[in-house]
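J.: Input work-v8.cif, format and content: mmCIF, C-alpha atoms and all ligand atoms.
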```
data_coords
loop_
_atom_site.label_atom_id
_atom_site.label_comp_id
_atom_site.auth_asym_id
_atom_site.auth_seq_id
_atom_site.Cartn_x
_atom_site.Cartn_y
_atom_site.Cartn_z
CA MET O 1 64.57 35.38 192.58
CA ASP O 2 64.94 33.55 195.89
CA THR O 3 65.27 36.33 198.48
CA ALA O 4 66.58 33.83 201.07
CA ILE O 5 69.97 33.79 199.35
CA LEU O 6 70.33 37.57 199.66
CA PRO O 7 70.73 38.20 203.39
CA LEU O 8 70.28 41.92 204.08
CA PRO O 9 70.61 43.86 207.33
CA THR O 10 67.47 43.54 209.41
CA CYS O 11 65.42 46.49 210.56
CA THR O 12 67.23 49.71 211.34
CA LEU O 13 66.15 51.70 214.38
CA HIS O 14 67.07 55.12 213.02
CA ARG O 15 66.07 56.99 209.91
CA PRO O 16 68.70 56.38 207.24
CA ARG O 17 70.26 59.85 206.72
CA THR O 18 71.66 59.34 203.25
CA ILE O 19 69.57 57.33 200.80
CA LEU O 20 70.46 56.20 197.28
CA ALA O 21 67.19 55.75 195.37
CA ILE O 22 66.37 54.22 191.99
CA GLU O 23 63.29 55.11 189.90
CA THR O 24 62.51 53.07 186.77
CA SER O 25 58.71 52.86 186.81
CA CYS O 26 58.23 54.10 183.25
CA ASP O 27 60.59 55.43 180.59
CA ASP O 28 63.27 57.34 182.51
CA THR O 29 66.20 55.77 184.36
CA SER O 30 66.92 57.89 187.41
CA VAL O 31 69.20 57.48 190.43
CA ALA O 32 69.56 60.04 193.24
CA VAL O 33 71.36 60.51 196.52
CA VAL O 34 69.35 62.55 199.05
CA ARG O 35 70.26 63.55 202.61
CA ASP O 36 67.67 63.76 205.41
CA GLY O 37 64.80 63.40 202.94
CA ARG O 38 65.18 67.03 201.83
CA HIS O 39 68.62 67.82 200.41
CA ILE O 40 69.44 66.57 196.92
CA LEU O 41 73.12 65.62 196.58
CA SER O 42 72.55 64.23 193.08
CA ASN O 43 69.57 63.38 190.87
CA VAL O 44 70.77 61.84 187.60
CA MET O 45 68.43 61.00 184.74
CA ALA O 46 68.84 59.06 181.49
CA SER O 47 65.82 60.07 179.40
CA GLN O 48 64.27 57.70 176.86
CA VAL O 49 62.06 60.35 175.21
CA ALA O 50 64.01 60.29 171.92
CA LEU O 51 63.69 56.49 171.72
CA HIS O 52 59.92 56.40 172.28
CA ASN O 53 59.24 59.52 170.20
CA GLN O 54 59.84 57.40 167.09
CA TYR O 55 56.74 55.34 168.00
CA GLY O 56 54.54 58.17 169.36
CA GLY O 57 54.34 56.53 172.80
CA ILE O 58 56.11 54.19 175.21
CA ILE O 59 56.96 50.65 174.07
CA PRO O 60 57.31 48.72 177.40
CA GLU O 61 59.81 46.12 176.14
CA LEU O 62 62.10 48.79 174.70
CA ALA O 63 61.84 50.79 177.94
CA ALA O 64 62.94 47.78 180.03
CA ARG O 65 65.86 47.02 177.72
CA GLN O 66 66.98 50.65 177.77
CA HIS O 67 66.83 50.72 181.59
CA MET O 68 69.07 47.67 181.65
CA GLU O 69 71.62 49.35 179.39
CA SER O 70 71.65 52.64 181.33
CA ILE O 71 71.27 51.68 184.98
CA ASN O 72 74.87 50.89 185.97
CA ALA O 73 76.22 54.12 184.48
CA VAL O 74 73.43 56.16 186.09
CA VAL O 75 74.14 54.63 189.54
CA GLN O 76 77.82 55.48 189.15
CA ALA O 77 77.06 59.04 187.97
CA ALA O 78 74.71 59.61 190.93
CA LEU O 79 77.39 58.46 193.38
CA ASP O 80 80.11 60.54 191.68
CA GLU O 81 77.97 63.68 191.55
CA SER O 82 76.94 63.35 195.20
CA GLY O 83 80.53 62.95 196.36
CA CYS O 84 79.44 59.87 198.33
CA SER O 85 81.02 56.44 198.39
CA PRO O 86 78.93 53.32 199.11
CA ALA O 87 80.12 53.56 202.73
CA ASP O 88 78.31 56.93 203.04
CA ILE O 89 74.98 55.45 201.93
CA ASP O 90 72.69 54.41 204.82
CA ALA O 91 69.94 52.71 202.78
CA VAL O 92 68.97 51.86 199.21
CA ALA O 93 65.44 52.62 197.96
CA CYS O 94 63.56 51.76 194.78
CA THR O 95 60.15 52.31 193.21
CA MET O 96 58.10 49.13 193.70
CA GLY O 97 55.08 50.26 191.64
CA PRO O 98 52.75 51.23 190.12
CA GLY O 99 54.48 51.16 186.76
CA LEU O 100 55.58 49.01 183.84
CA LEU O 101 56.53 45.61 185.21
CA GLY O 102 59.63 45.09 183.06
CA SER O 103 60.92 48.56 183.90
CA LEU O 104 60.27 48.14 187.65
CA LEU O 105 62.06 44.81 187.58
CA ILE O 106 65.32 46.40 186.40
CA GLY O 107 65.29 49.08 189.11
CA CYS O 108 64.22 46.70 191.90
CA THR O 109 66.80 44.07 190.96
CA THR O 110 69.57 46.67 190.83
CA ALA O 111 68.52 48.12 194.21
CA LYS O 112 68.38 44.67 195.76
CA VAL O 113 71.82 43.73 194.48
CA LEU O 114 73.33 47.04 195.69
CA ALA O 115 71.70 46.63 199.12
CA TRP O 116 73.14 43.13 199.36
CA LEU O 117 76.61 44.14 198.12
CA TRP O 118 76.82 47.15 200.43
CA GLN O 119 74.90 45.44 203.26
CA LYS O 120 72.37 48.26 203.60
CA PRO O 121 68.61 48.15 204.27
CA LEU O 122 66.37 48.16 201.19
CA ILE O 123 63.26 50.36 201.14
CA GLY O 124 60.49 49.79 198.59
CA VAL O 125 58.54 52.95 197.72
CA ASN O 126 55.14 53.50 196.10
CA HIS O 127 55.63 55.77 193.06
CA LEU O 128 52.62 57.95 193.92
CA GLN O 129 53.89 58.56 197.44
CA GLY O 130 57.17 59.53 195.77
CA HIS O 131 55.37 62.25 193.78
CA VAL O 132 53.74 63.57 196.97
CA ALA O 133 57.17 63.59 198.67
CA SER O 134 58.68 65.67 195.81
CA ASN O 135 57.22 68.60 197.75
CA TYR O 136 59.57 67.91 200.69
CA LEU O 137 62.70 68.38 198.55
CA ALA O 138 64.46 71.70 199.18
CA SER O 139 61.38 72.84 201.11
CA ASP O 140 60.12 73.06 204.68
CA LEU O 141 56.61 71.68 203.97
CA GLU O 142 55.24 69.42 206.69
CA PRO O 143 51.89 67.60 206.80
CA PRO O 144 48.97 68.06 207.05
CA PHE O 145 48.18 69.25 203.52
CA LEU O 146 45.88 68.51 200.59
CA CYS O 147 47.73 67.24 197.53
CA LEU O 148 46.58 67.30 193.91
CA LEU O 149 48.55 64.53 192.19
CA VAL O 150 48.49 64.88 188.40
CA SER O 151 50.60 62.65 186.18
CA GLY O 152 50.45 60.61 183.00
CA GLY O 153 48.71 57.74 184.80
CA HIS O 154 46.91 59.35 187.74
CA THR O 155 44.72 62.28 188.73
CA GLN O 156 44.09 62.09 192.46
CA PHE O 157 43.20 64.25 195.45
CA TRP O 158 44.98 63.24 198.67
CA HIS O 159 44.67 64.29 202.28
CA VAL O 160 48.23 63.93 203.58
CA ALA O 161 47.45 63.75 207.29
CA SER O 162 51.02 62.85 208.34
CA TYR O 163 54.20 61.58 206.68
CA THR O 164 52.82 58.05 206.78
CA GLU O 165 49.04 58.54 206.70
CA HIS O 166 47.66 59.42 203.26
CA HIS O 167 43.89 59.35 202.57
CA LEU O 168 42.62 59.24 198.98
CA LEU O 169 39.70 61.70 198.76
CA GLY O 170 38.90 61.32 195.06
CA GLU O 171 40.34 60.61 191.62
CA THR O 172 39.55 60.56 187.93
CA LEU O 173 36.86 58.10 186.93
CA ASP O 174 38.49 57.54 183.53
CA ASP O 175 41.52 59.18 181.86
CA ALA O 176 44.36 60.86 183.76
CA VAL O 177 44.88 64.50 182.84
CA GLY O 178 48.47 63.94 181.62
CA GLU O 179 47.29 61.10 179.40
CA VAL O 180 44.71 63.43 177.81
CA TYR O 181 47.38 66.10 177.24
CA ASP O 182 49.50 63.47 175.45
CA LYS O 183 46.56 62.11 173.38
CA VAL O 184 45.44 65.57 172.27
CA ALA O 185 49.06 66.42 171.39
CA ARG O 186 49.31 63.27 169.24
CA THR O 187 46.14 64.27 167.37
CA LEU O 188 47.65 67.70 166.74
CA GLY O 189 50.69 65.96 165.23
CA LEU O 190 53.01 67.13 168.03
CA SER O 191 55.82 64.92 169.24
CA TYR O 192 55.86 62.78 172.40
CA LEU O 193 55.85 64.05 175.30
CA GLY O 194 52.91 66.28 174.44
CA GLY O 195 52.05 67.94 177.77
CA PRO O 196 54.93 70.45 177.91
CA ILE O 197 54.52 71.25 174.18
CA ILE O 198 50.80 72.07 174.56
CA ASP O 199 51.70 74.16 177.63
CA THR O 200 54.17 76.23 175.57
CA LEU O 201 51.76 76.69 172.64
CA ALA O 202 48.89 77.58 175.00
CA GLN O 203 50.88 80.48 176.42
CA GLN O 204 50.81 82.12 172.98
CA GLY O 205 47.01 81.86 172.57
CA THR O 206 43.68 82.91 174.09
CA PRO O 207 41.04 80.48 175.41
CA CYS O 208 38.37 81.66 172.96
CA TYR O 209 36.52 78.36 172.31
CA THR O 210 34.28 76.40 174.66
CA LEU O 211 35.08 72.95 176.06
CA PRO O 212 33.14 71.11 178.80
CA ILE O 213 34.03 70.91 182.49
CA ALA O 214 33.07 67.47 183.79
CA ARG O 215 30.52 66.94 186.53
CA THR O 216 30.71 63.82 188.69
CA LYS O 217 28.38 62.24 191.25
CA GLN O 218 31.03 62.15 193.98
CA ALA O 219 32.12 65.67 194.98
CA TYR O 220 35.86 64.86 194.99
CA ASP O 221 36.06 62.71 191.85
CA THR O 222 36.69 64.05 188.40
CA SER O 223 36.62 62.89 184.77
CA PHE O 224 38.62 63.75 181.66
CA SER O 225 37.27 61.48 178.91
CA GLY O 226 34.57 64.05 177.99
CA LEU O 227 37.19 66.79 177.63
CA LYS O 228 39.32 64.47 175.49
CA THR O 229 36.46 63.64 173.09
CA ALA O 230 35.21 67.24 172.91
CA SER O 231 38.75 68.49 172.22
CA LEU O 232 39.18 66.05 169.34
CA ARG O 233 35.79 67.14 167.88
CA LEU O 234 36.75 70.82 168.23
CA PHE O 235 40.06 70.16 166.46
CA GLU O 236 38.21 68.42 163.57
CA ARG O 237 35.89 71.43 163.29
CA LEU O 238 38.84 73.85 163.22
CA GLN O 239 40.53 71.70 160.58
CA ALA O 240 37.37 71.81 158.46
CA GLU O 241 37.06 75.60 158.87
CA HIS O 242 40.72 76.70 158.67
CA GLY O 243 42.83 73.67 157.70
CA THR O 244 45.08 73.14 154.71
CA PRO O 245 44.37 70.06 152.50
CA GLU O 246 47.07 68.26 154.57
CA GLY O 247 45.06 68.96 157.74
CA SER O 248 47.27 71.50 159.51
CA ILE O 249 45.71 74.64 160.99
CA PRO O 250 47.22 78.17 161.12
CA PRO O 251 49.48 78.83 164.15
CA GLU O 252 47.13 81.36 165.80
CA VAL O 253 44.23 78.88 165.61
CA LEU O 254 46.47 76.14 167.05
CA HIS O 255 47.59 78.43 169.89
CA ASN O 256 43.98 79.36 170.73
CA PHE O 257 42.95 75.70 170.63
CA CYS O 258 45.79 74.76 173.06
CA ALA O 259 44.93 77.70 175.34
CA THR O 260 41.27 76.63 175.45
CA PHE O 261 42.18 73.00 176.20
CA GLN O 262 44.67 73.99 178.92
CA HIS O 263 42.31 76.53 180.49
CA THR O 264 39.52 73.90 180.70
CA ALA O 265 41.78 71.14 182.07
CA VAL O 266 43.20 73.45 184.78
CA ARG O 267 39.76 74.81 185.74
CA THR O 268 38.47 71.23 186.08
CA LEU O 269 41.35 70.34 188.43
CA LEU O 270 41.19 73.48 190.55
CA LYS O 271 37.40 73.34 190.95
CA LYS O 272 37.83 69.90 192.50
CA LEU O 273 40.78 70.94 194.63
CA GLU O 274 38.66 73.78 196.01
CA ALA O 275 35.79 71.33 196.67
CA CYS O 276 38.18 69.04 198.59
CA TRP O 277 39.35 72.00 200.64
CA GLN O 278 35.77 73.11 201.38
CA GLY O 279 35.26 69.66 202.91
CA HIS O 280 38.55 69.92 204.85
CA ALA O 281 38.79 73.63 205.52
CA SER O 282 40.91 73.24 208.64
CA ILE O 283 43.84 72.29 206.37
CA GLN O 284 45.74 75.43 205.53
CA GLN O 285 48.26 74.03 203.03
CA TRP O 286 47.90 72.65 199.51
CA ALA O 287 50.47 70.97 197.31
CA ILE O 288 50.52 69.82 193.70
CA ALA O 289 52.66 66.94 192.43
CA GLY O 290 53.30 64.74 189.37
CA GLY O 291 54.41 65.60 185.83
CA VAL O 292 51.46 67.94 185.16
CA SER O 293 52.40 70.00 188.25
CA ALA O 294 55.06 71.53 185.94
CA ASN O 295 52.20 73.14 183.99
CA SER O 296 52.53 76.93 183.91
CA LEU O 297 48.78 77.68 184.14
CA LEU O 298 48.16 75.13 186.92
CA ARG O 299 50.95 76.73 188.95
CA SER O 300 49.80 80.35 188.40
CA GLN O 301 46.04 79.71 188.70
CA GLY O 302 46.65 77.38 191.68
CA GLN O 303 48.54 80.19 193.40
CA ALA O 304 45.75 82.69 192.65
CA LEU O 305 43.10 80.31 194.02
CA ALA O 306 45.16 79.56 197.14
CA GLU O 307 45.47 83.30 197.82
CA ARG O 308 41.70 83.76 197.43
CA CYS O 309 41.11 80.90 199.90
CA GLY O 310 43.79 82.16 202.31
CA VAL O 311 45.88 78.97 202.17
CA GLN O 312 49.50 78.35 201.20
CA LEU O 313 50.24 76.53 197.92
CA HIS O 314 53.41 74.43 197.72
CA VAL O 315 54.74 73.40 194.33
CA PRO O 316 57.69 71.09 193.64
CA LYS O 317 60.76 72.52 191.88
CA LEU O 318 60.36 72.07 188.12
CA SER O 319 63.28 69.61 188.12
CA VAL O 320 61.40 67.16 190.37
CA CYS O 321 57.86 67.36 188.92
CA THR O 322 58.26 64.56 186.38
CA ASP O 323 59.54 61.11 187.36
CA ASN O 324 62.86 61.25 189.22
CA ALA O 325 64.67 59.29 191.90
CA ALA O 326 65.11 62.16 194.40
CA MET O 327 61.38 62.06 195.19
CA ILE O 328 61.66 58.30 195.81
CA ALA O 329 64.49 58.93 198.30
CA ALA O 330 62.38 61.61 200.04
CA ALA O 331 59.44 59.21 200.37
CA ALA O 332 61.76 56.42 201.57
CA TYR O 333 63.14 58.68 204.30
CA TYR O 334 59.66 59.21 205.72
CA GLN O 335 58.63 55.55 205.44
CA PRO O 336 58.44 53.71 208.78
CA LEU O 337 61.16 51.18 207.97
CA TRP O 338 62.75 51.78 211.36
CA GLN O 339 59.55 50.51 212.95
CA GLY O 340 60.37 47.06 211.70
CA VAL O 341 58.91 46.75 208.20
CA GLU O 342 61.35 44.48 206.41
CA VAL O 343 60.63 45.31 202.84
CA TRP O 344 63.04 42.82 201.34
CA GLU O 345 60.89 40.03 202.73
CA GLN O 346 57.99 41.14 200.56
CA ASP O 347 57.96 39.90 197.02
CA ILE O 348 58.51 43.18 195.21
CA PHE O 349 58.63 41.39 191.90
CA ALA O 350 55.18 39.87 192.32
CA ARG O 351 53.73 43.18 193.54
CA GLY O 352 55.16 45.16 190.60
CA SER O 353 52.35 46.79 188.66
CA ALA O 354 49.64 45.57 191.04
CA LEU O 355 50.23 48.30 193.63
O1 LIG I 401 54.76 62.09 186.66
P1 LIG I 401 55.16 61.82 185.25
O2 LIG I 401 56.56 62.15 184.85
O3 LIG I 401 54.94 60.32 184.89
C1 LIG I 401 53.90 59.54 185.39
O4 LIG I 401 54.01 59.09 186.55
O5 LIG I 401 52.91 59.40 184.64
O6 LIG I 401 54.11 62.62 184.35
C2 LIG I 401 54.22 62.63 182.97
C3 LIG I 401 53.05 63.43 182.43
C4 LIG I 401 52.94 63.33 180.92
O7 LIG I 401 51.59 63.05 180.60
C5 LIG I 401 53.35 64.74 180.46
O8 LIG I 401 52.75 65.12 179.24
C6 LIG I 401 52.86 65.57 181.61
O9 LIG I 401 53.20 64.82 182.76
N1 LIG I 401 53.51 66.90 181.67
C7 LIG I 401 52.84 68.06 181.48
C8 LIG I 401 53.80 69.10 181.60
N2 LIG I 401 55.01 68.54 181.86
C9 LIG I 401 54.81 67.18 181.90
N3 LIG I 401 51.54 68.30 181.24
C10 LIG I 401 51.15 69.59 181.09
N4 LIG I 401 52.00 70.64 181.18
C11 LIG I 401 53.32 70.45 181.43
N5 LIG I 401 54.16 71.50 181.50
ZN ZN I 402 55.22 59.60 187.89
#
```
I need this file expressed as structure tokens, please.
T.:
Amino acid sequence: MDTAILPLPTCTLHRPRTILAIETSCDDTSVAVVRDGRHILSNVMASQVALHNQYGGIIPELAARQHMESINAVVQAALDESGCSPADIDAVACTMGPGLLGSLLIGCTTAKVLAWLWQKPLIGVNHLQGHVASNYLASDLEPPFLCLLVSGGHTQFWHVASYTEHHLLGETLDDAVGEVYDKVARTLGLSYLGGPIIDTLAQQGTPCYTLPIARTKQAYDTSFSGLKTASLRLFERLQAEHGTPEGSIPPEVLHNFCATFQHTAVRTLLKKLEACWQGHASIQQWAIAGGVSANSLLRSQGQALAERCGVQLHVPKLSVCTDNAAMIAAAAYYQPLWQGVEVWEQDIFARGSAL
């Protein structure tokens, strides 16, 4: 698309108070209206889980087509629910990446057209910074803090020095923890999205088996491929010992398997978070973010560890842990657009999944 034919307002000198944001990086179409980066006026979501469940995972082409079918209605619902008219919106924001290119394209094109129609500034947001910013919603958290970002695509440790200065301390060398949750769930024959299902089953079991906690050369990096492989081997062993001819295992064995997997995954994450903090002990606040931050054990064990270390743990509300547009609006609010960054002059379409 030739951006020259879409003249948009040039740089704004003040923070846009009310932001309408669009998030379509993966398989959920979400539009939100957020005031002052903290107060959610609406956060509407059209989930595609039922569509992709038929295939056991996300089909990118189907996701993009579904975004296209849902987006207009979701924009309208977000406006209606917020009680705002286009005149009340000060800026439009959208996720620029990382994500599925076809899905991003639908959200970015819609945001660009709305910004042009309403003559509002357009703010492009990095999806990962959106997850970090989910901790600002309905909260009084301010930087500096350490943030454990755990999603389906990323496992990262961030030093959030200020609203605009984020330093990556370490990350997974291979699989993301959410991805491993989903792969293990698929092996167990559970439906997509596997993470929350394993979490529920784990709460009914005891971590009575042994799975490995990864060691890495760099103190702040981590790894999950070893846990994935060892979990699959353990499941095969349990099938051989307790399974029916069809391969299913008794519920109590399944619950104990899930509890062991969850216990090991959470210990791996919190060991590294503690290591990051030992290297940055002057920082007295931690946060967790991303879809896996909804995990019950990560939240309770994270809280226990934070108390032992004498720091404060911030967790996002459960409704904004997984992908949603309110977190994109929060990140957009704290982005230095008013300093003269004219996002619409960047080629958001070319940047797409490369970010
Ligand atoms: O942040 P998100 O919605 O999408 C990405 O940016 O990837 O995260 C989705 C991931 C999935 O892997 C899902 O299984 C996982 O978050 N997840 C959970 C829980 N809720 C969502 N994993 C473990 N326990 C949960 N309660
Ligand atoms: Zn995400």
J.: Please find the residues contacting ligand LIG 401 (chain I) at a distance of at most 10 Å between atoms, with only C-alpha atoms and all ligand atoms counted, and report them as a CSV table (one decimal) with C-alpha atoms, in the coordinates of the input.
T.:
```csv
chain,number,residue,atom,x,y,z
O,25,SER,CA,58.7,52.9,186.8
O,26,CYS,CA,58.2,54.1,183.2
O,27,ASP,CA,60.6,55.4,180.6
O,28,ASP,CA,63.3,57.3,182.5
O,98,PRO,CA,52.8,51.2,190.1
O,99,GLY,CA,54.5,51.2,186.8
O,127,HIS,CA,55.6,55.8,193.1
O,128,LEU,CA,52.6,58.0,193.9
O,130,GLY,CA,57.2,59.5,195.8
O,131,HIS,CA,55.4,62.2,193.8
O,149,LEU,CA,48.6,64.5,192.2
O,150,VAL,CA,48.5,64.9,188.4
O,151,SER,CA,50.6,62.6,186.2
O,152,GLY,CA,50.4,60.6,183.0
O,153,GLY,CA,48.7,57.7,184.8
O,154,HIS,CA,46.9,59.4,187.7
O,155,THR,CA,44.7,62.3,188.7
O,176,ALA,CA,44.4,60.9,183.8
O,177,VAL,CA,44.9,64.5,182.8
O,178,GLY,CA,48.5,63.9,181.6
O,179,GLU,CA,47.3,61.1,179.4
O,180,VAL,CA,44.7,63.4,177.8
O,181,TYR,CA,47.4,66.1,177.2
O,182,ASP,CA,49.5,63.5,175.4
O,183,LYS,CA,46.6,62.1,173.4
O,185,ALA,CA,49.1,66.4,171.4
O,192,TYR,CA,55.9,62.8,172.4
O,193,LEU,CA,55.8,64.0,175.3
O,194,GLY,CA,52.9,66.3,174.4
O,195,GLY,CA,52.0,67.9,177.8
O,196,PRO,CA,54.9,70.4,177.9
O,197,ILE,CA,54.5,71.2,174.2
O,198,ILE,CA,50.8,72.1,174.6
O,199,ASP,CA,51.7,74.2,177.6
O,200,THR,CA,54.2,76.2,175.6
O,202,ALA,CA,48.9,77.6,175.0
O,262,GLN,CA,44.7,74.0,178.9
O,265,ALA,CA,41.8,71.1,182.1
O,266,VAL,CA,43.2,73.4,184.8
O,289,ALA,CA,52.7,66.9,192.4
O,290,GLY,CA,53.3,64.7,189.4
O,291,GLY,CA,54.4,65.6,185.8
O,292,VAL,CA,51.5,67.9,185.2
O,293,SER,CA,52.4,70.0,188.2
O,294,ALA,CA,55.1,71.5,185.9
O,295,ASN,CA,52.2,73.1,184.0
O,296,SER,CA,52.5,76.9,183.9
O,297,LEU,CA,48.8,77.7,184.1
O,298,LEU,CA,48.2,75.1,186.9
O,299,ARG,CA,51.0,76.7,189.0
O,318,LEU,CA,60.4,72.1,188.1
O,320,VAL,CA,61.4,67.2,190.4
O,321,CYS,CA,57.9,67.4,188.9
O,322,THR,CA,58.3,64.6,186.4
O,323,ASP,CA,59.5,61.1,187.4
O,324,ASN,CA,62.9,61.2,189.2
```
J.: Name the residues within 6 Å of (65.5, 66.6, 197.3), counting only C-alpha atoms in the file's coordinates, and put them as a list of chain:residue names.
T.: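 So the residues meeting the distance criterion are O:Val34, O:Arg38, O:His39, O:Ile40, O:Leu137, O:Ala138, O:Ala326.
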J.: Taking all atoms listed in the file into account, name the residue in O:Leu190, O:Cys309, O:His263, O:Gln284 that is nearest to Gly57 of chain O.
T.: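 Once distances to Gly57 of chain O are computed over all atoms listed in the file, the minimum belongs to O:Leu190.
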J.: I'd like the interatomic distance between atom CA of Phe224 of chain O and atom CA of Ser162 of chain O, to a tenth of an Å.
T.: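 These two atoms are separated by 29.4 Å.
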J.: Need to verify the contact set: Met68 of chain O, 10 Å, all atoms listed in the file, exclusion of same-chain residues closer than 2 positions in sequence. Can you return it as a list in words?
T.: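 Here the answer would be Thr24, Thr29, Leu62, Ala63, Ala64, Arg65, Gln66, Ser70, Ile71, Asn72, Gly102, Ser103, Leu105, Ile106, Gly107 and Thr110 of chain O.
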J.: Emit the selected residues as a short mmCIF file (atom, residue, chain, number, x, y, z; two decimals), keeping the file's coordinate frame, including C-alpha atoms.
T.:
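Output file part32.cif follows:
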```
data_model
loop_
_atom_site.label_atom_id
_atom_site.label_comp_id
_atom_site.auth_asym_id
_atom_site.auth_seq_id
_atom_site.Cartn_x
_atom_site.Cartn_y
_atom_site.Cartn_z
CA THR O 24 62.51 53.07 186.77
CA THR O 29 66.20 55.77 184.36
CA LEU O 62 62.10 48.79 174.70
CA ALA O 63 61.84 50.79 177.94
CA ALA O 64 62.94 47.78 180.03
CA ARG O 65 65.86 47.02 177.72
CA GLN O 66 66.98 50.65 177.77
CA SER O 70 71.65 52.64 181.33
CA ILE O 71 71.27 51.68 184.98
CA ASN O 72 74.87 50.89 185.97
CA GLY O 102 59.63 45.09 183.06
CA SER O 103 60.92 48.56 183.90
CA LEU O 105 62.06 44.81 187.58
CA ILE O 106 65.32 46.40 186.40
CA GLY O 107 65.29 49.08 189.11
CA THR O 110 69.57 46.67 190.83
#
```
J.: So, counting only C-alpha atoms, which residue among O:Thr172, O:Ser191, O:Thr18, O:Ser139 is closest to Ser82 of chain O?
T.: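 Smallest distance to Ser82 of chain O is found for O:Thr18.
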J.: Name the residues in contact with segment 186-188 of chain O at a cut-off of 12 Å, using all atoms listed in the file, excluding same-chain residues fewer than 5 positions from it; report them as a PyMOL selection string.
T.: chain O and resi 53+55-57+179-181+193-195+197-198+201+228-229+231-236+238-239+243+247-251+253-255+257-258
J.: Tell me, as a list of chain:residue names, which residues lie within 12 Å of Cys84 of chain O, counting only C-alpha atoms; anything in the same chain fewer than 5 positions away does not count.
T.: O:Thr18, O:Ile19, O:Leu20, O:Ala32, O:Val33, O:Val34, O:Arg35, O:Leu41, O:Ser42, O:Val75, O:Gln76, O:Ala77, O:Ala78, O:Leu79, O:Ile89, O:Asp90
J.: How many Å lie between atom CA of Ala46 of chain O and atom CA of Leu114 of chain O, rounded to one decimal?
T.: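 Computing it gives 19.1 Å between the two atoms.
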J.: For segment 99-103 of chain O, where the input has fewer atoms than it should, I would like all heavy atoms rebuilt and written as a CSV table (one decimal), in the coordinates of the input.
T.:
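Writing the result to rebuild_19.csv gives the following:
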```csv
chain,number,residue,atom,x,y,z
O,99,GLY,N,53.7,50.8,187.9
O,99,GLY,CA,54.5,51.2,186.8
O,99,GLY,C,54.5,50.0,185.8
O,99,GLY,O,53.8,49.0,186.0
O,100,LEU,N,55.4,50.1,184.8
O,100,LEU,CA,55.6,49.0,183.8
O,100,LEU,C,56.4,47.9,184.5
O,100,LEU,O,57.5,48.2,185.0
O,100,LEU,CB,56.3,49.5,182.6
O,100,LEU,CG,55.6,50.7,181.9
O,100,LEU,CD1,56.5,51.2,180.8
O,100,LEU,CD2,54.3,50.3,181.3
O,101,LEU,N,55.9,46.7,184.5
O,101,LEU,CA,56.5,45.6,185.2
O,101,LEU,C,58.0,45.4,184.8
O,101,LEU,O,58.9,45.3,185.7
O,101,LEU,CB,55.7,44.3,185.0
O,101,LEU,CG,56.0,43.2,186.0
O,101,LEU,CD1,55.9,43.7,187.5
O,101,LEU,CD2,55.2,42.0,185.8
O,102,GLY,N,58.3,45.3,183.5
O,102,GLY,CA,59.6,45.1,183.1
O,102,GLY,C,60.6,46.2,183.5
O,102,GLY,O,61.7,45.9,183.9
O,103,SER,N,60.1,47.4,183.5
O,103,SER,CA,60.9,48.6,183.9
O,103,SER,C,61.2,48.5,185.4
O,103,SER,O,62.3,48.7,185.9
O,103,SER,CB,60.2,49.9,183.6
O,103,SER,OG,60.1,50.0,182.2
```
